[in-house]
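Enquirer: Input file: start-v9.json. Contents: JSON, C-alpha atoms.
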```json
[["chain", "number", "residue", "atom", "x", "y", "z"],
["V", 691, "THR", "CA", -30.65, 106.24, 32.70],
["V", 692, "LEU", "CA", -29.23, 106.30, 29.18],
["V", 693, "ASP", "CA", -25.75, 106.95, 30.55],
["V", 694, "GLY", "CA", -26.02, 103.89, 32.76],
["V", 695, "VAL", "CA", -27.23, 101.75, 29.86],
["V", 696, "GLY", "CA", -24.36, 103.01, 27.71],
["V", 697, "GLU", "CA", -21.79, 102.20, 30.37],
["V", 698, "TRP", "CA", -23.31, 98.73, 30.82],
["V", 699, "ALA", "CA", -23.23, 98.06, 27.07],
["V", 700, "THR", "CA", -19.64, 99.25, 26.78],
["V", 701, "ALA", "CA", -18.51, 97.09, 29.69],
["V", 702, "SER", "CA", -20.40, 94.03, 28.43],
["V", 703, "PHE", "CA", -19.05, 94.40, 24.90],
["V", 704, "GLY", "CA", -15.53, 94.90, 26.18],
["V", 705, "VAL", "CA", -15.69, 91.83, 28.42],
["V", 706, "GLY", "CA", -17.09, 89.71, 25.60],
["V", 707, "ARG", "CA", -14.46, 90.94, 23.20],
["V", 708, "ASP", "CA", -11.69, 90.16, 25.68],
["V", 709, "ARG", "CA", -13.12, 86.66, 26.18],
["V", 710, "MET", "CA", -13.21, 86.02, 22.44],
["V", 711, "SER", "CA", -9.68, 87.40, 22.16],
["V", 712, "LEU", "CA", -8.53, 84.98, 24.86],
["V", 713, "ASP", "CA", -10.15, 82.03, 23.08],
["V", 714, "GLY", "CA", -8.55, 83.05, 19.78],
["V", 715, "LYS", "CA", -5.16, 83.53, 21.41],
["V", 716, "THR", "CA", -5.39, 80.08, 23.03],
["V", 717, "ALA", "CA", -6.29, 78.43, 19.71],
["V", 718, "THR", "CA", -3.45, 80.20, 17.90],
["V", 719, "ILE", "CA", -0.84, 79.22, 20.47],
["V", 720, "ALA", "CA", -2.16, 75.63, 20.52],
["V", 721, "GLU", "CA", -1.76, 75.42, 16.74],
["V", 722, "MET", "CA", 1.86, 76.61, 17.01],
["V", 723, "VAL", "CA", 2.64, 74.17, 19.82],
["V", 724, "ARG", "CA", 1.19, 71.22, 17.88],
["V", 725, "GLY", "CA", 3.45, 71.96, 14.92],
["V", 726, "VAL", "CA", 6.57, 72.21, 17.11],
["V", 727, "GLN", "CA", 5.69, 68.98, 18.95],
["V", 728, "ALA", "CA", 5.21, 67.17, 15.65],
["V", 729, "GLN", "CA", 8.70, 68.21, 14.54],
["V", 730, "ARG", "CA", 10.19, 67.09, 17.86],
["V", 731, "ARG", "CA", 8.58, 63.66, 17.63],
["V", 732, "ALA", "CA", 9.47, 63.18, 13.97],
["V", 733, "ARG", "CA", 13.08, 64.40, 14.08],
["V", 734, "GLY", "CA", 14.10, 64.31, 17.73],
["V", 735, "LEU", "CA", 15.01, 68.01, 17.84],
["V", 736, "SER", "CA", 15.22, 70.44, 20.74],
["V", 737, "ILE", "CA", 12.45, 72.97, 21.25],
["V", 738, "GLY", "CA", 14.42, 75.71, 19.46],
["V", 739, "GLY", "CA", 15.38, 73.43, 16.59],
["V", 740, "ALA", "CA", 11.85, 72.09, 16.26],
["V", 741, "THR", "CA", 10.48, 75.65, 16.18],
["V", 742, "VAL", "CA", 12.88, 76.65, 13.40],
["V", 743, "ALA", "CA", 12.07, 73.46, 11.49],
["V", 744, "ALA", "CA", 8.31, 73.98, 11.81],
["V", 745, "VAL", "CA", 8.50, 77.59, 10.64],
["V", 746, "SER", "CA", 10.85, 76.69, 7.77],
["V", 747, "ARG", "CA", 8.53, 73.92, 6.66],
["V", 748, "ASN", "CA", 5.51, 76.21, 6.35],
["V", 749, "HIS", "CA", 6.54, 79.82, 6.99],
["V", 750, "ARG", "CA", 3.35, 81.24, 5.50],
["V", 751, "LEU", "CA", 1.18, 79.33, 7.96],
["V", 752, "TYR", "CA", 3.26, 80.30, 10.98],
["V", 753, "GLY", "CA", 3.63, 83.88, 9.78],
["V", 754, "GLY", "CA", -0.15, 84.11, 9.55],
["V", 755, "LEU", "CA", -0.53, 82.65, 13.06],
["V", 756, "VAL", "CA", 1.92, 85.20, 14.46],
["V", 757, "VAL", "CA", 0.01, 88.03, 12.74],
["V", 758, "HIS", "CA", -3.21, 86.69, 14.25],
["V", 759, "LEU", "CA", -1.62, 86.57, 17.71],
["V", 760, "GLY", "CA", -0.39, 90.17, 17.35],
["V", 761, "LEU", "CA", -3.85, 91.31, 16.30],
["V", 762, "ILE", "CA", -5.39, 89.70, 19.38],
["V", 763, "VAL", "CA", -2.83, 91.41, 21.65],
["V", 764, "ALA", "CA", -3.60, 94.78, 20.01],
["V", 765, "VAL", "CA", -7.36, 94.28, 20.45],
["V", 766, "VAL", "CA", -6.86, 93.46, 24.14],
["V", 767, "GLY", "CA", -4.77, 96.63, 24.51],
["V", 768, "VAL", "CA", -7.44, 98.81, 22.88],
["V", 769, "SER", "CA", -10.20, 97.27, 25.02],
["V", 770, "TRP", "CA", -8.17, 97.70, 28.20],
["V", 771, "SER", "CA", -7.41, 101.32, 27.35],
["V", 772, "ALA", "CA", -11.02, 102.16, 26.46],
["V", 773, "LEU", "CA", -12.42, 100.70, 29.68],
["V", 774, "SER", "CA", -9.73, 101.77, 32.17],
["V", 775, "ASP", "CA", -8.40, 105.19, 31.14],
["V", 776, "ARG", "CA", -8.99, 108.01, 33.65],
["V", 777, "SER", "CA", -8.06, 111.66, 34.02],
["V", 778, "SER", "CA", -8.42, 114.63, 36.33],
["V", 779, "GLU", "CA", -7.52, 118.33, 36.40],
["V", 780, "VAL", "CA", -5.65, 119.72, 39.39],
["V", 781, "THR", "CA", -4.25, 123.09, 40.42],
["V", 782, "ILE", "CA", -0.98, 122.94, 42.34],
["V", 783, "THR", "CA", 1.19, 125.52, 44.08],
["V", 784, "GLU", "CA", 4.94, 125.12, 43.76],
["V", 785, "GLY", "CA", 6.18, 122.57, 46.29],
["V", 786, "GLU", "CA", 2.69, 121.27, 47.01],
["V", 787, "ILE", "CA", 1.76, 117.58, 46.63],
["V", 788, "VAL", "CA", -1.71, 116.69, 45.30],
["V", 789, "HIS", "CA", -3.18, 113.20, 44.94],
["V", 790, "ALA", "CA", -4.69, 112.40, 41.52],
["V", 791, "GLU", "CA", -5.68, 109.12, 39.82],
["V", 792, "GLY", "CA", -3.69, 106.88, 42.15],
["V", 793, "TYR", "CA", -0.50, 109.01, 42.11],
["V", 794, "ASP", "CA", 0.91, 111.95, 44.05],
["V", 795, "LEU", "CA", 1.84, 114.97, 41.91],
["V", 796, "ARG", "CA", 4.38, 117.58, 43.02],
["V", 797, "PHE", "CA", 4.84, 120.87, 41.17],
["V", 798, "ASP", "CA", 8.57, 121.72, 41.28],
["V", 799, "GLY", "CA", 8.50, 125.04, 39.47],
["V", 800, "LEU", "CA", 8.18, 126.79, 36.14],
["V", 801, "THR", "CA", 10.84, 127.89, 33.68],
["V", 802, "ALA", "CA", 10.54, 130.05, 30.57],
["V", 803, "ARG", "CA", 12.68, 130.29, 27.49],
["V", 804, "ASP", "CA", 12.46, 132.60, 24.50],
["V", 805, "GLU", "CA", 12.83, 131.17, 21.02],
["V", 806, "PRO", "CA", 12.85, 133.08, 17.69],
["V", 807, "HIS", "CA", 9.18, 132.38, 16.95],
["V", 808, "ARG", "CA", 7.66, 131.64, 20.38],
["V", 809, "ARG", "CA", 7.91, 131.78, 24.14],
["V", 810, "VAL", "CA", 7.83, 128.44, 25.95],
["V", 811, "LEU", "CA", 6.70, 127.88, 29.54],
["V", 812, "VAL", "CA", 7.89, 124.52, 30.91],
["V", 813, "ALA", "CA", 6.54, 123.04, 34.14],
["V", 814, "GLU", "CA", 8.45, 120.53, 36.25],
["V", 815, "LEU", "CA", 6.00, 117.92, 37.53],
["V", 816, "THR", "CA", 7.17, 114.95, 39.60],
["V", 817, "VAL", "CA", 4.92, 111.87, 39.83],
["V", 818, "LEU", "CA", 5.32, 109.97, 43.13],
["V", 819, "ASP", "CA", 4.18, 106.60, 44.43],
["V", 820, "PRO", "CA", 1.70, 107.46, 47.22],
["V", 821, "ASN", "CA", 2.60, 104.35, 49.24],
["V", 822, "SER", "CA", 6.39, 104.58, 49.26],
["V", 823, "GLY", "CA", 6.95, 108.19, 48.25],
["V", 824, "ARG", "CA", 9.31, 106.94, 45.54],
["V", 825, "GLU", "CA", 9.67, 109.00, 42.39],
["V", 826, "VAL", "CA", 7.89, 107.33, 39.47],
["V", 827, "VAL", "CA", 8.75, 109.78, 36.69],
["V", 828, "ARG", "CA", 9.39, 113.44, 36.01],
["V", 829, "LEU", "CA", 7.16, 115.05, 33.41],
["V", 830, "GLN", "CA", 7.71, 118.37, 31.68],
["V", 831, "PRO", "CA", 4.52, 119.62, 30.02],
["V", 832, "SER", "CA", 4.73, 123.03, 28.38],
["V", 833, "LEU", "CA", 2.75, 125.90, 26.91],
["V", 834, "ASN", "CA", 3.82, 127.54, 23.64],
["V", 835, "LEU", "CA", 2.99, 131.24, 23.26],
["V", 836, "TYR", "CA", 3.06, 132.48, 19.65],
["V", 837, "PRO", "CA", 2.87, 136.20, 18.77],
["V", 838, "ALA", "CA", 0.22, 135.62, 16.12],
["V", 839, "SER", "CA", -1.96, 133.39, 18.33],
["V", 840, "SER", "CA", -4.29, 134.54, 21.07],
["V", 841, "GLU", "CA", -4.41, 131.12, 22.76],
["V", 842, "PRO", "CA", -1.37, 129.16, 23.98],
["V", 843, "ILE", "CA", -0.76, 125.73, 22.52],
["V", 844, "GLY", "CA", 0.12, 122.97, 24.93],
["V", 845, "THR", "CA", 2.65, 120.19, 24.49],
["V", 846, "PRO", "CA", 1.99, 117.20, 26.79],
["V", 847, "SER", "CA", 4.66, 115.15, 28.48],
["V", 848, "ILE", "CA", 4.31, 111.36, 28.33],
["V", 849, "ARG", "CA", 5.70, 108.37, 30.20],
["V", 850, "VAL", "CA", 5.27, 105.37, 27.91],
["V", 851, "GLY", "CA", 3.90, 102.20, 29.47],
["V", 852, "THR", "CA", 6.10, 99.08, 29.47],
["V", 853, "PRO", "CA", 5.86, 95.65, 31.15],
["V", 854, "PHE", "CA", 8.08, 97.08, 33.90],
["V", 855, "ASN", "CA", 5.63, 99.85, 34.89],
["V", 856, "GLY", "CA", 2.28, 98.11, 34.53],
["V", 857, "MET", "CA", 1.76, 98.99, 30.83],
["V", 858, "ALA", "CA", 0.25, 102.34, 31.86],
["V", 859, "ASP", "CA", 0.95, 105.53, 29.93],
["V", 860, "LEU", "CA", 1.07, 108.69, 32.05],
["V", 861, "TYR", "CA", 0.22, 112.02, 30.38],
["V", 862, "ALA", "CA", 0.44, 115.50, 31.84],
["V", 863, "SER", "CA", -0.68, 118.68, 30.10],
["V", 864, "LEU", "CA", -0.09, 122.21, 31.35],
["V", 865, "VAL", "CA", -3.47, 123.94, 31.14],
["V", 866, "THR", "CA", -2.99, 127.39, 32.66],
["V", 867, "VAL", "CA", -0.36, 129.33, 34.60],
["V", 868, "GLU", "CA", -1.74, 131.73, 37.20],
["V", 869, "ASP", "CA", 1.66, 133.07, 38.23],
["V", 870, "GLN", "CA", 5.18, 131.73, 38.50],
["V", 871, "THR", "CA", 4.29, 129.57, 41.52],
["V", 872, "ARG", "CA", 0.84, 128.15, 40.67],
["V", 873, "ALA", "CA", -0.38, 126.17, 37.66],
["V", 874, "SER", "CA", -3.19, 123.87, 36.54],
["V", 875, "PHE", "CA", -2.53, 120.47, 35.02],
["V", 876, "ARG", "CA", -4.58, 117.79, 33.31],
["V", 877, "PHE", "CA", -3.29, 114.36, 34.31],
["V", 878, "PHE", "CA", -4.13, 111.15, 32.41],
["V", 879, "VAL", "CA", -3.54, 107.48, 33.24],
["V", 880, "ASN", "CA", -4.03, 105.35, 30.14],
["V", 881, "PRO", "CA", -3.28, 101.62, 30.53],
["V", 882, "GLY", "CA", -3.06, 99.15, 27.67],
["V", 883, "ILE", "CA", -1.47, 101.40, 25.03],
["V", 884, "GLY", "CA", 1.80, 99.51, 25.40],
["V", 885, "LEU", "CA", -0.02, 96.31, 24.40],
["V", 886, "LEU", "CA", -1.28, 98.06, 21.27],
["V", 887, "TRP", "CA", 2.26, 98.93, 20.18],
["V", 888, "PHE", "CA", 3.54, 95.46, 21.14],
["V", 889, "GLY", "CA", 0.76, 93.80, 19.16],
["V", 890, "GLY", "CA", 1.66, 95.92, 16.13],
["V", 891, "ALA", "CA", 5.29, 94.83, 16.40],
["V", 892, "VAL", "CA", 4.24, 91.16, 16.60],
["V", 893, "MET", "CA", 2.05, 91.61, 13.52],
["V", 894, "ALA", "CA", 4.96, 93.15, 11.62],
["V", 895, "LEU", "CA", 7.19, 90.21, 12.61],
["V", 896, "GLY", "CA", 4.55, 87.74, 11.43],
["V", 897, "GLY", "CA", 4.27, 89.58, 8.11],
["V", 898, "ILE", "CA", 8.04, 89.32, 7.61],
["V", 899, "VAL", "CA", 7.97, 85.58, 8.39],
["V", 900, "ALA", "CA", 5.06, 84.99, 6.01],
["V", 901, "ALA", "CA", 6.68, 86.96, 3.18],
["V", 902, "TRP", "CA", 10.14, 85.43, 3.63],
["V", 903, "PRO", "CA", 11.15, 83.71, 0.39],
["V", 904, "SER", "CA", 11.28, 79.94, 0.47],
["V", 905, "GLY", "CA", 14.59, 78.24, -0.16],
["V", 906, "PRO", "CA", 15.07, 76.12, -3.26],
["V", 907, "ARG", "CA", 13.64, 72.66, -2.90],
["V", 908, "PRO", "CA", 16.03, 69.78, -3.56],
["V", 909, "ALA", "CA", 15.57, 68.28, -7.01],
["V", 910, "SER", "CA", 13.95, 64.90, -6.91],
["V", 911, "THR", "CA", 15.99, 62.04, -8.40],
["V", 912, "PRO", "CA", 13.98, 60.18, -11.06],
["V", 913, "ARG", "CA", 13.39, 56.55, -10.21],
["V", 914, "PRO", "CA", 14.50, 54.03, -12.81],
["V", 915, "GLU", "CA", 11.71, 52.16, -14.47],
["V", 916, "PRO", "CA", 11.58, 48.50, -13.52],
["V", 917, "VAL", "CA", 12.88, 46.12, -16.18],
["V", 918, "VAL", "CA", 10.33, 43.54, -17.15],
["V", 919, "GLU", "CA", 11.87, 40.25, -18.19],
["V", 920, "ARG", "CA", 10.07, 38.65, -21.08],
["V", 921, "ARG", "CA", 10.39, 35.01, -21.92],
["V", 922, "GLU", "CA", 9.28, 33.63, -25.24],
["V", 923, "GLN", "CA", 8.33, 30.04, -25.67],
["V", 924, "VAL", "CA", 9.84, 28.38, -28.74],
["V", 925, "SER", "CA", 8.01, 25.40, -30.08],
["V", 926, "VAL", "CA", 9.98, 22.69, -31.90]]
```
How would this structure read if it were set down as structure tokens?
Expert:
Amino acid sequence: TLDGVGEWATASFGVGRDRMSLDGKTATIAEMVRGVQAQRRARGLSIGGATVAAVSRNHRLYGGLVVHLGLIVAVVGVSWSALSDRSSEVTITEGEIVHAEGYDLRFDGLTARDEPHRRVLVAELTVLDPNSGREVVRLQPSLNLYPASSEPIGTPSIRVGTPFNGMADLYASLVTVEDQTRASFRFFVNPGIGLLWFGGAVMALGGIVAAWPSGPRPASTPRPEPVVERREQVSV
């Protein structure tokens, strides 16, 4: 079917792009390592000192390499997110635990608060590890009810992915509230977004290194011109 062909093309393109990204990352890191090793051999420096010396010698080159490395990391993050994100919609009664997208979700209740221009319904949703029962994170998605609007406007709750939690963003949106003890949620697991932000930070660092002004070069001392001794023959 066309859907199957589309999924195959997306997967193939993503795998190929990740492979090219890996090759580019390897070449970039190898170029950096060669420069540091050259400084160590020439000047007998430590790894840290050789790195500083190599960057100081040609900060535009190394800044560009760092930008390239950050771009590759960002591309890998986008590819990972596009191929691995998943979501589901669940309806949960207060106190109930429902399994969704590799996690257990527990609805702990609903609170409401009145503000000058709106009424806010906030749900307490606890995400649990299904294997250990350990709490992963508490999310608080909400619905905003405005007097001039016929439809509520949702505000999702997000757990940002880091290297310590598998680089997976967790999103929860409150879709509907049937009563004070039952609500529907849309739950998203989106891996790889953390790599996108990390790659952007690496690119910014590389741009700073490349744009850093060079220090003044030491003035070269002019070499004295050699004195040529001339001898004249005098005939008697």
Enquirer: Can you pull out every residue within 9 Å of segment 788-801 of chain V, counting all atoms listed in the file, but drop anything in the same chain fewer than 2 positions away, and send it as a ChimeraX atom specification?
Expert: /V:776-786,803,810-820,823,826,870-873,877-879
Enquirer: Between V:Asp775, V:Val765, V:Val865, V:Leu829, which residue has the minimum interatomic distance to Trp887 of chain V, considering only C-alpha atoms?
Expert: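 Distance minimum relative to Trp887 of chain V lands on V:Val765.
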Enquirer: Quick check, in Å to one decimal: how far apart do atom CA of Leu895 of chain V and atom CA of Asn855 of chain V lie?
Expert: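 If I compute the distance from atom CA of Leu895 of chain V to atom CA of Asn855 of chain V, I get 24.3 Å.
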